[in-house]
Structure formats: C-alpha cells, structure tokens
>>> print(open('upload_11.pdb').read())   # PDB, N, CA and C atoms and all ligand atoms
MODEL        1
ATOM      1  N   MET A  17     -20.478  49.679 -26.094  1.00  0.00           N
ATOM      2  CA  MET A  17     -20.535  48.252 -26.422  1.00  0.00           C
ATOM      3  C   MET A  17     -19.197  47.571 -26.130  1.00  0.00           C
ATOM      4  N   SER A  18     -19.305  46.513 -25.482  1.00  0.00           N
ATOM      5  CA  SER A  18     -18.067  45.783 -25.199  1.00  0.00           C
ATOM      6  C   SER A  18     -18.141  44.385 -25.795  1.00  0.00           C
ATOM      7  N   LYS A  19     -17.067  44.058 -26.349  1.00  0.00           N
ATOM      8  CA  LYS A  19     -17.014  42.718 -26.938  1.00  0.00           C
ATOM      9  C   LYS A  19     -16.470  41.729 -25.924  1.00  0.00           C
ATOM     10  N   LYS A  20     -17.209  40.713 -25.772  1.00  0.00           N
ATOM     11  CA  LYS A  20     -16.702  39.674 -24.874  1.00  0.00           C
ATOM     12  C   LYS A  20     -16.083  38.557 -25.703  1.00  0.00           C
ATOM     13  N   LYS A  21     -14.871  38.382 -25.392  1.00  0.00           N
ATOM     14  CA  LYS A  21     -14.174  37.314 -26.124  1.00  0.00           C
ATOM     15  C   LYS A  21     -14.173  36.045 -25.288  1.00  0.00           C
ATOM     16  N   LYS A  22     -14.650  35.073 -25.916  1.00  0.00           N
ATOM     17  CA  LYS A  22     -14.586  33.779 -25.226  1.00  0.00           C
ATOM     18  C   LYS A  22     -13.469  32.951 -25.822  1.00  0.00           C
ATOM     19  N   LYS A  23     -12.538  32.724 -25.015  1.00  0.00           N
ATOM     20  CA  LYS A  23     -11.426  31.903 -25.505  1.00  0.00           C
ATOM     21  C   LYS A  23     -11.615  30.472 -25.060  1.00  0.00           C
ATOM     22  N   LYS A  24     -11.575  29.644 -26.027  1.00  0.00           N
ATOM     23  CA  LYS A  24     -11.655  28.222 -25.680  1.00  0.00           C
ATOM     24  C   LYS A  24     -10.253  27.656 -25.550  1.00  0.00           C
ATOM     25  N   ARG A  25     -10.058  27.111 -24.411  1.00  0.00           N
ATOM     26  CA  ARG A  25      -8.742  26.523 -24.210  1.00  0.00           C
ATOM     27  C   ARG A  25      -8.709  25.110 -24.760  1.00  0.00           C
ATOM     28  N   LYS A  26      -7.709  24.904 -25.530  1.00  0.00           N
ATOM     29  CA  LYS A  26      -7.553  23.549 -26.045  1.00  0.00           C
ATOM     30  C   LYS A  26      -6.937  22.671 -24.972  1.00  0.00           C
ATOM     31  N   ARG A  27      -7.559  21.588 -24.818  1.00  0.00           N
ATOM     32  CA  ARG A  27      -6.991  20.650 -23.851  1.00  0.00           C
ATOM     33  C   ARG A  27      -5.905  19.831 -24.517  1.00  0.00           C
ATOM     34  N   LEU A  28      -4.762  19.934 -23.968  1.00  0.00           N
ATOM     35  CA  LEU A  28      -3.677  19.149 -24.515  1.00  0.00           C
ATOM     36  C   LEU A  28      -3.786  17.722 -24.028  1.00  0.00           C
ATOM     37  N   ARG A  29      -3.821  16.870 -24.992  1.00  0.00           N
ATOM     38  CA  ARG A  29      -3.871  15.469 -24.607  1.00  0.00           C
ATOM     39  C   ARG A  29      -2.461  14.933 -24.522  1.00  0.00           C
ATOM     40  N   ALA A  30      -2.015  14.842 -23.349  1.00  0.00           N
ATOM     41  CA  ALA A  30      -0.651  14.360 -23.167  1.00  0.00           C
ATOM     42  C   ALA A  30      -0.627  12.840 -23.225  1.00  0.00           C
ATOM     43  N   GLU A  31       0.528  12.354 -23.499  1.00  0.00           N
ATOM     44  CA  GLU A  31       0.705  10.905 -23.499  1.00  0.00           C
ATOM     45  C   GLU A  31       0.612  10.340 -22.090  1.00  0.00           C
ATOM     46  N   ARG A  32       0.565  11.249 -21.166  1.00  0.00           N
ATOM     47  CA  ARG A  32       0.614  10.784 -19.783  1.00  0.00           C
ATOM     48  C   ARG A  32      -0.610   9.992 -19.364  1.00  0.00           C
ATOM     49  N   ASP A  33      -1.673  10.104 -20.126  1.00  0.00           N
ATOM     50  CA  ASP A  33      -2.846   9.363 -19.669  1.00  0.00           C
ATOM     51  C   ASP A  33      -2.657   7.852 -19.796  1.00  0.00           C
ATOM     52  N   ARG A  34      -1.532   7.475 -20.292  1.00  0.00           N
ATOM     53  CA  ARG A  34      -1.182   6.055 -20.232  1.00  0.00           C
ATOM     54  C   ARG A  34      -0.956   5.605 -18.793  1.00  0.00           C
ATOM     55  N   ASP A  35      -0.581   6.542 -17.972  1.00  0.00           N
ATOM     56  CA  ASP A  35      -0.252   6.189 -16.597  1.00  0.00           C
ATOM     57  C   ASP A  35      -1.486   6.103 -15.712  1.00  0.00           C
ATOM     58  N   GLU A  36      -2.626   6.279 -16.341  1.00  0.00           N
ATOM     59  CA  GLU A  36      -3.840   6.179 -15.564  1.00  0.00           C
ATOM     60  C   GLU A  36      -4.781   5.194 -16.218  1.00  0.00           C
ATOM     61  N   GLY A  37      -5.510   4.537 -15.373  1.00  0.00           N
ATOM     62  CA  GLY A  37      -6.529   3.651 -15.886  1.00  0.00           C
ATOM     63  C   GLY A  37      -7.787   3.864 -15.077  1.00  0.00           C
ATOM     64  N   SER A  38      -8.854   3.253 -15.527  1.00  0.00           N
ATOM     65  CA  SER A  38     -10.070   3.376 -14.744  1.00  0.00           C
ATOM     66  C   SER A  38     -10.817   2.049 -14.774  1.00  0.00           C
ATOM     67  N   TYR A  39     -11.500   1.811 -13.693  1.00  0.00           N
ATOM     68  CA  TYR A  39     -12.303   0.603 -13.636  1.00  0.00           C
ATOM     69  C   TYR A  39     -13.688   0.962 -13.133  1.00  0.00           C
ATOM     70  N   ILE A  40     -14.615   0.108 -13.396  1.00  0.00           N
ATOM     71  CA  ILE A  40     -15.967   0.296 -12.906  1.00  0.00           C
ATOM     72  C   ILE A  40     -16.124  -0.537 -11.645  1.00  0.00           C
ATOM     73  N   CYS A  41     -16.477   0.119 -10.580  1.00  0.00           N
ATOM     74  CA  CYS A  41     -16.660  -0.586  -9.318  1.00  0.00           C
ATOM     75  C   CYS A  41     -17.786  -1.607  -9.463  1.00  0.00           C
ATOM     76  N   ASP A  42     -17.484  -2.813  -9.045  1.00  0.00           N
ATOM     77  CA  ASP A  42     -18.461  -3.886  -9.191  1.00  0.00           C
ATOM     78  C   ASP A  42     -19.668  -3.680  -8.286  1.00  0.00           C
ATOM     79  N   ALA A  43     -19.449  -2.974  -7.197  1.00  0.00           N
ATOM     80  CA  ALA A  43     -20.525  -2.828  -6.213  1.00  0.00           C
ATOM     81  C   ALA A  43     -21.432  -1.637  -6.498  1.00  0.00           C
ATOM     82  N   CYS A  44     -20.838  -0.475  -6.860  1.00  0.00           N
ATOM     83  CA  CYS A  44     -21.667   0.723  -6.999  1.00  0.00           C
ATOM     84  C   CYS A  44     -21.726   1.247  -8.428  1.00  0.00           C
ATOM     85  N   GLY A  45     -20.889   0.705  -9.310  1.00  0.00           N
ATOM     86  CA  GLY A  45     -20.970   1.098 -10.709  1.00  0.00           C
ATOM     87  C   GLY A  45     -20.276   2.396 -11.048  1.00  0.00           C
ATOM     88  N   GLU A  46     -19.586   2.987 -10.069  1.00  0.00           N
ATOM     89  CA  GLU A  46     -18.862   4.227 -10.342  1.00  0.00           C
ATOM     90  C   GLU A  46     -17.572   3.927 -11.089  1.00  0.00           C
ATOM     91  N   GLU A  47     -17.177   4.889 -11.904  1.00  0.00           N
ATOM     92  CA  GLU A  47     -15.903   4.759 -12.578  1.00  0.00           C
ATOM     93  C   GLU A  47     -14.809   5.334 -11.696  1.00  0.00           C
ATOM     94  N   ILE A  48     -13.850   4.517 -11.390  1.00  0.00           N
ATOM     95  CA  ILE A  48     -12.775   4.916 -10.496  1.00  0.00           C
ATOM     96  C   ILE A  48     -11.488   5.029 -11.299  1.00  0.00           C
ATOM     97  N   VAL A  49     -10.851   6.178 -11.222  1.00  0.00           N
ATOM     98  CA  VAL A  49      -9.583   6.386 -11.919  1.00  0.00           C
ATOM     99  C   VAL A  49      -8.448   6.035 -10.972  1.00  0.00           C
ATOM    100  N   VAL A  50      -7.548   5.232 -11.463  1.00  0.00           N
ATOM    101  CA  VAL A  50      -6.420   4.828 -10.626  1.00  0.00           C
ATOM    102  C   VAL A  50      -5.112   5.098 -11.372  1.00  0.00           C
ATOM    103  N   PRO A  51      -4.110   5.475 -10.643  1.00  0.00           N
ATOM    104  CA  PRO A  51      -2.789   5.605 -11.268  1.00  0.00           C
ATOM    105  C   PRO A  51      -2.210   4.219 -11.528  1.00  0.00           C
ATOM    106  N   ILE A  52      -1.540   4.096 -12.651  1.00  0.00           N
ATOM    107  CA  ILE A  52      -0.937   2.816 -12.999  1.00  0.00           C
ATOM    108  C   ILE A  52       0.571   2.931 -12.873  1.00  0.00           C
ATOM    109  N   ASP A  53       1.130   2.013 -12.159  1.00  0.00           N
ATOM    110  CA  ASP A  53       2.584   1.961 -12.069  1.00  0.00           C
ATOM    111  C   ASP A  53       3.087   1.008 -13.145  1.00  0.00           C
ATOM    112  N   LEU A  54       3.509   1.606 -14.270  1.00  0.00           N
ATOM    113  CA  LEU A  54       3.912   0.780 -15.399  1.00  0.00           C
ATOM    114  C   LEU A  54       5.157  -0.046 -15.101  1.00  0.00           C
ATOM    115  N   SER A  55       5.908   0.382 -14.116  1.00  0.00           N
ATOM    116  CA  SER A  55       7.145  -0.332 -13.809  1.00  0.00           C
ATOM    117  C   SER A  55       6.898  -1.528 -12.891  1.00  0.00           C
ATOM    118  N   ALA A  56       5.653  -1.674 -12.457  1.00  0.00           N
ATOM    119  CA  ALA A  56       5.372  -2.754 -11.498  1.00  0.00           C
ATOM    120  C   ALA A  56       5.090  -4.087 -12.187  1.00  0.00           C
ATOM    121  N   GLY A  57       5.158  -4.097 -13.509  1.00  0.00           N
ATOM    122  CA  GLY A  57       4.979  -5.363 -14.197  1.00  0.00           C
ATOM    123  C   GLY A  57       3.813  -5.321 -15.165  1.00  0.00           C
ATOM    124  N   GLU A  58       3.819  -6.286 -16.096  1.00  0.00           N
ATOM    125  CA  GLU A  58       2.787  -6.304 -17.136  1.00  0.00           C
ATOM    126  C   GLU A  58       1.454  -6.791 -16.614  1.00  0.00           C
ATOM    127  N   SER A  59       1.512  -7.512 -15.531  1.00  0.00           N
ATOM    128  CA  SER A  59       0.279  -8.067 -14.994  1.00  0.00           C
ATOM    129  C   SER A  59       0.236  -7.810 -13.498  1.00  0.00           C
ATOM    130  N   GLN A  60      -0.728  -7.051 -13.072  1.00  0.00           N
ATOM    131  CA  GLN A  60      -0.801  -6.691 -11.668  1.00  0.00           C
ATOM    132  C   GLN A  60      -2.185  -7.016 -11.126  1.00  0.00           C
ATOM    133  N   GLN A  61      -2.194  -7.270  -9.866  1.00  0.00           N
ATOM    134  CA  GLN A  61      -3.460  -7.583  -9.208  1.00  0.00           C
ATOM    135  C   GLN A  61      -3.373  -7.136  -7.766  1.00  0.00           C
ATOM    136  N   TYR A  62      -4.340  -6.375  -7.346  1.00  0.00           N
ATOM    137  CA  TYR A  62      -4.328  -5.934  -5.954  1.00  0.00           C
ATOM    138  C   TYR A  62      -5.747  -5.616  -5.510  1.00  0.00           C
ATOM    139  N   VAL A  63      -5.903  -5.552  -4.219  1.00  0.00           N
ATOM    140  CA  VAL A  63      -7.216  -5.268  -3.657  1.00  0.00           C
ATOM    141  C   VAL A  63      -7.251  -3.811  -3.214  1.00  0.00           C
ATOM    142  N   GLU A  64      -8.318  -3.132  -3.605  1.00  0.00           N
ATOM    143  CA  GLU A  64      -8.450  -1.726  -3.236  1.00  0.00           C
ATOM    144  C   GLU A  64      -9.894  -1.466  -2.831  1.00  0.00           C
ATOM    145  N   ASP A  65     -10.049  -0.697  -1.781  1.00  0.00           N
ATOM    146  CA  ASP A  65     -11.396  -0.315  -1.389  1.00  0.00           C
ATOM    147  C   ASP A  65     -11.889   0.781  -2.314  1.00  0.00           C
ATOM    148  N   CYS A  66     -13.094   0.653  -2.790  1.00  0.00           N
ATOM    149  CA  CYS A  66     -13.684   1.679  -3.640  1.00  0.00           C
ATOM    150  C   CYS A  66     -13.783   2.981  -2.858  1.00  0.00           C
ATOM    151  N   PRO A  67     -13.282   4.078  -3.415  1.00  0.00           N
ATOM    152  CA  PRO A  67     -13.366   5.359  -2.698  1.00  0.00           C
ATOM    153  C   PRO A  67     -14.795   5.888  -2.590  1.00  0.00           C
ATOM    154  N   VAL A  68     -15.693   5.327  -3.371  1.00  0.00           N
ATOM    155  CA  VAL A  68     -17.081   5.799  -3.345  1.00  0.00           C
ATOM    156  C   VAL A  68     -17.915   5.014  -2.337  1.00  0.00           C
ATOM    157  N   CYS A  69     -17.843   3.688  -2.455  1.00  0.00           N
ATOM    158  CA  CYS A  69     -18.718   2.888  -1.595  1.00  0.00           C
ATOM    159  C   CYS A  69     -17.949   2.075  -0.566  1.00  0.00           C
ATOM    160  N   CYS A  70     -16.624   2.165  -0.605  1.00  0.00           N
ATOM    161  CA  CYS A  70     -15.755   1.537   0.396  1.00  0.00           C
ATOM    162  C   CYS A  70     -15.761   0.012   0.368  1.00  0.00           C
ATOM    163  N   ARG A  71     -16.330  -0.550  -0.669  1.00  0.00           N
ATOM    164  CA  ARG A  71     -16.264  -2.001  -0.745  1.00  0.00           C
ATOM    165  C   ARG A  71     -15.017  -2.430  -1.508  1.00  0.00           C
ATOM    166  N   PRO A  72     -14.452  -3.547  -1.101  1.00  0.00           N
ATOM    167  CA  PRO A  72     -13.200  -3.961  -1.732  1.00  0.00           C
ATOM    168  C   PRO A  72     -13.412  -4.533  -3.138  1.00  0.00           C
ATOM    169  N   ASN A  73     -12.565  -4.130  -4.044  1.00  0.00           N
ATOM    170  CA  ASN A  73     -12.523  -4.695  -5.379  1.00  0.00           C
ATOM    171  C   ASN A  73     -11.149  -5.296  -5.608  1.00  0.00           C
ATOM    172  N   VAL A  74     -11.120  -6.376  -6.358  1.00  0.00           N
ATOM    173  CA  VAL A  74      -9.838  -6.867  -6.836  1.00  0.00           C
ATOM    174  C   VAL A  74      -9.565  -6.167  -8.158  1.00  0.00           C
ATOM    175  N   ILE A  75      -8.493  -5.418  -8.198  1.00  0.00           N
ATOM    176  CA  ILE A  75      -8.142  -4.658  -9.389  1.00  0.00           C
ATOM    177  C   ILE A  75      -7.142  -5.463 -10.205  1.00  0.00           C
ATOM    178  N   TYR A  76      -7.445  -5.617 -11.461  1.00  0.00           N
ATOM    179  CA  TYR A  76      -6.514  -6.279 -12.365  1.00  0.00           C
ATOM    180  C   TYR A  76      -5.964  -5.251 -13.340  1.00  0.00           C
ATOM    181  N   VAL A  77      -4.666  -5.279 -13.527  1.00  0.00           N
ATOM    182  CA  VAL A  77      -4.024  -4.374 -14.484  1.00  0.00           C
ATOM    183  C   VAL A  77      -3.196  -5.223 -15.434  1.00  0.00           C
ATOM    184  N   GLU A  78      -3.378  -4.957 -16.694  1.00  0.00           N
ATOM    185  CA  GLU A  78      -2.535  -5.614 -17.690  1.00  0.00           C
ATOM    186  C   GLU A  78      -1.988  -4.567 -18.639  1.00  0.00           C
ATOM    187  N   ILE A  79      -0.697  -4.631 -18.845  1.00  0.00           N
ATOM    188  CA  ILE A  79      -0.057  -3.713 -19.784  1.00  0.00           C
ATOM    189  C   ILE A  79       0.199  -4.485 -21.079  1.00  0.00           C
ATOM    190  N   ASP A  80      -0.351  -3.977 -22.172  1.00  0.00           N
ATOM    191  CA  ASP A  80      -0.117  -4.704 -23.414  1.00  0.00           C
ATOM    192  C   ASP A  80       1.188  -4.262 -24.062  1.00  0.00           C
ATOM    193  N   GLU A  81       1.482  -4.850 -25.204  1.00  0.00           N
ATOM    194  CA  GLU A  81       2.780  -4.615 -25.840  1.00  0.00           C
ATOM    195  C   GLU A  81       2.977  -3.152 -26.229  1.00  0.00           C
ATOM    196  N   GLY A  82       1.901  -2.470 -26.498  1.00  0.00           N
ATOM    197  CA  GLY A  82       2.004  -1.061 -26.872  1.00  0.00           C
ATOM    198  C   GLY A  82       2.087  -0.126 -25.684  1.00  0.00           C
ATOM    199  N   GLY A  83       2.093  -0.681 -24.494  1.00  0.00           N
ATOM    200  CA  GLY A  83       2.182   0.141 -23.301  1.00  0.00           C
ATOM    201  C   GLY A  83       0.837   0.637 -22.801  1.00  0.00           C
ATOM    202  N   GLU A  84      -0.223   0.141 -23.399  1.00  0.00           N
ATOM    203  CA  GLU A  84      -1.551   0.544 -22.952  1.00  0.00           C
ATOM    204  C   GLU A  84      -1.960  -0.305 -21.756  1.00  0.00           C
ATOM    205  N   ALA A  85      -2.524   0.358 -20.789  1.00  0.00           N
ATOM    206  CA  ALA A  85      -2.950  -0.351 -19.594  1.00  0.00           C
ATOM    207  C   ALA A  85      -4.427  -0.722 -19.702  1.00  0.00           C
ATOM    208  N   ARG A  86      -4.718  -1.939 -19.369  1.00  0.00           N
ATOM    209  CA  ARG A  86      -6.109  -2.362 -19.257  1.00  0.00           C
ATOM    210  C   ARG A  86      -6.392  -2.597 -17.791  1.00  0.00           C
ATOM    211  N   VAL A  87      -7.469  -2.034 -17.319  1.00  0.00           N
ATOM    212  CA  VAL A  87      -7.806  -2.160 -15.907  1.00  0.00           C
ATOM    213  C   VAL A  87      -9.235  -2.640 -15.793  1.00  0.00           C
ATOM    214  N   TRP A  88      -9.452  -3.593 -14.942  1.00  0.00           N
ATOM    215  CA  TRP A  88     -10.822  -3.973 -14.646  1.00  0.00           C
ATOM    216  C   TRP A  88     -10.890  -4.472 -13.204  1.00  0.00           C
ATOM    217  N   ALA A  89     -12.078  -4.607 -12.729  1.00  0.00           N
ATOM    218  CA  ALA A  89     -12.237  -4.955 -11.329  1.00  0.00           C
ATOM    219  C   ALA A  89     -13.287  -6.042 -11.173  1.00  0.00           C
ATOM    220  N   GLU A  90     -13.090  -6.828 -10.146  1.00  0.00           N
ATOM    221  CA  GLU A  90     -14.087  -7.808  -9.780  1.00  0.00           C
ATOM    222  C   GLU A  90     -14.330  -7.690  -8.280  1.00  0.00           C
ATOM    223  N   ALA A  91     -15.510  -8.034  -7.883  1.00  0.00           N
ATOM    224  CA  ALA A  91     -15.793  -8.020  -6.454  1.00  0.00           C
ATOM    225  C   ALA A  91     -14.914  -9.049  -5.769  1.00  0.00           C
ATOM    226  N   GLU A  92     -14.468  -8.689  -4.583  1.00  0.00           N
ATOM    227  CA  GLU A  92     -13.596  -9.620  -3.883  1.00  0.00           C
ATOM    228  C   GLU A  92     -14.376 -10.830  -3.414  1.00  0.00           C
TER
HETATM  229 ZN    ZN A 101     -17.962   1.395  -5.328  1.00  0.00          ZN
ENDMDL
END
>>> encode(input="upload_11.pdb", output="structure tokens")
Amino acid sequence: MSKKKKKKRKRLRAERDRDEGSYICDACGEEIVVPIDLSAGESQQYVEDCPVCCRPNVIYVEIDEGGEARVWAEAE
C-alpha cells in the first residue's frame, strides 16, 4: 500500500497584482489582462487591439488614491 500525498500549494497573493488590470473587450466580451504602468500617471488612455478579436478598444486606466488601478474599455 502506498500513500499518496496530495500537497496543495498555497497561492501567495502578492501585492503585485496592483500592477495588473483587466478589462472586458467591448467587441468579443473576453477579459483581457493588461499590465499597468503606475508611473505613467493617474489617468491614462490608449488604444489597444484586443488580442482575442483584434478589434481596437480605447483603454482607460485610473489610479485611485490607494494605488488601485481601475481599467475599462470602450469600443473605438
Ligand atoms: Zn475582443
């Protein structure tokens, strides 16, 4: 008889996920994770092609006072 040990790895939740945000593509509805450049300013706006459906979205990024990034997208 052999005992199988199943070890569950705890996922460490690092603070680093502040540097990432996600938006829902307006065209295909997929959730797209994007890196956030916190040093680029509290309010950012840029156009990015969706990696899933290749349609352009206007990405809005807002960094609030606590350093949390809010990301959303609108169709161009
Ligand atoms: Zn898309």
>>> closest_atom_pairs(input="upload_11.pdb", of="chain A", to="ligand ZN 101 (chain A)", cutoff="9 Å", atoms="only C-alpha atoms and all ligand atoms", output="CSV")
residue,atom,partner,partner_atom,distance
A:Ile40,CA,A:ZN101,ZN,7.9
A:Cys41,CA,A:ZN101,ZN,4.6
A:Asp42,CA,A:ZN101,ZN,6.6
A:Ala43,CA,A:ZN101,ZN,5.0
A:Cys44,CA,A:ZN101,ZN,4.1
A:Gly45,CA,A:ZN101,ZN,6.2
A:Glu46,CA,A:ZN101,ZN,5.8
A:Glu47,CA,A:ZN101,ZN,8.3
A:Ile48,CA,A:ZN101,ZN,8.1
A:Asp65,CA,A:ZN101,ZN,7.8
A:Cys66,CA,A:ZN101,ZN,4.6
A:Pro67,CA,A:ZN101,ZN,6.6
A:Val68,CA,A:ZN101,ZN,4.9
A:Cys69,CA,A:ZN101,ZN,4.1
A:Cys70,CA,A:ZN101,ZN,6.1
A:Arg71,CA,A:ZN101,ZN,6.0
A:Pro72,CA,A:ZN101,ZN,8.0
A:Asn73,CA,A:ZN101,ZN,8.2
>>> resolve_selection(input="upload_11.pdb", expression="the PyMOL selection byres (((chain A and resi 89 and name CA) around 9) and not hetatm and name CA)", output="JSON, numbers by chain")
{"A": [39, 40, 41, 42, 73, 74, 75, 76, 77, 87, 88, 90, 91, 92]}
>>> atom_distance(input="upload_11.pdb", atom1="CA of Glu36 in chain A", atom2="CA of Asp53 in chain A")
8.4 Å
>>> atom_distance(input="upload_11.pdb", atom1="CA of Gly82 in chain A", atom2="atom C of Ala56 in chain A")
15.3 Å
>>> residues_around(input="upload_11.pdb", residues="Gly37 in chain A", least_positions_apart="3", cutoff="7 Å", atoms="only N, CA and C atoms", output="list of chain:residue names")
A:Asp33, A:Arg34, A:Ile48, A:Val49, A:Val50, A:Pro51, A:Ile52, A:Ala85, A:Arg86, A:Val87
>>> select_by_dssp(input="upload_11.pdb", residues="range 32-68 of chain A", states="helix (DSSP H, G or I)", output="number ranges by chain")
A: 32-35, 54-56
>>> axis_aligned_box(input="upload_11.pdb", around="range 74-87 of chain A", padding_each_side="3 Å", output="JSON")
{"center_x": -4.1, "center_y": -3.1, "center_z": -16.6, "size_x": 20.1, "size_y": 13.5, "size_z": 26.5}
>>> atom_distance(input="upload_11.pdb", atom1="CA of Gly57 in chain A", atom2="CA of Glu78 in chain A")
8.3 Å
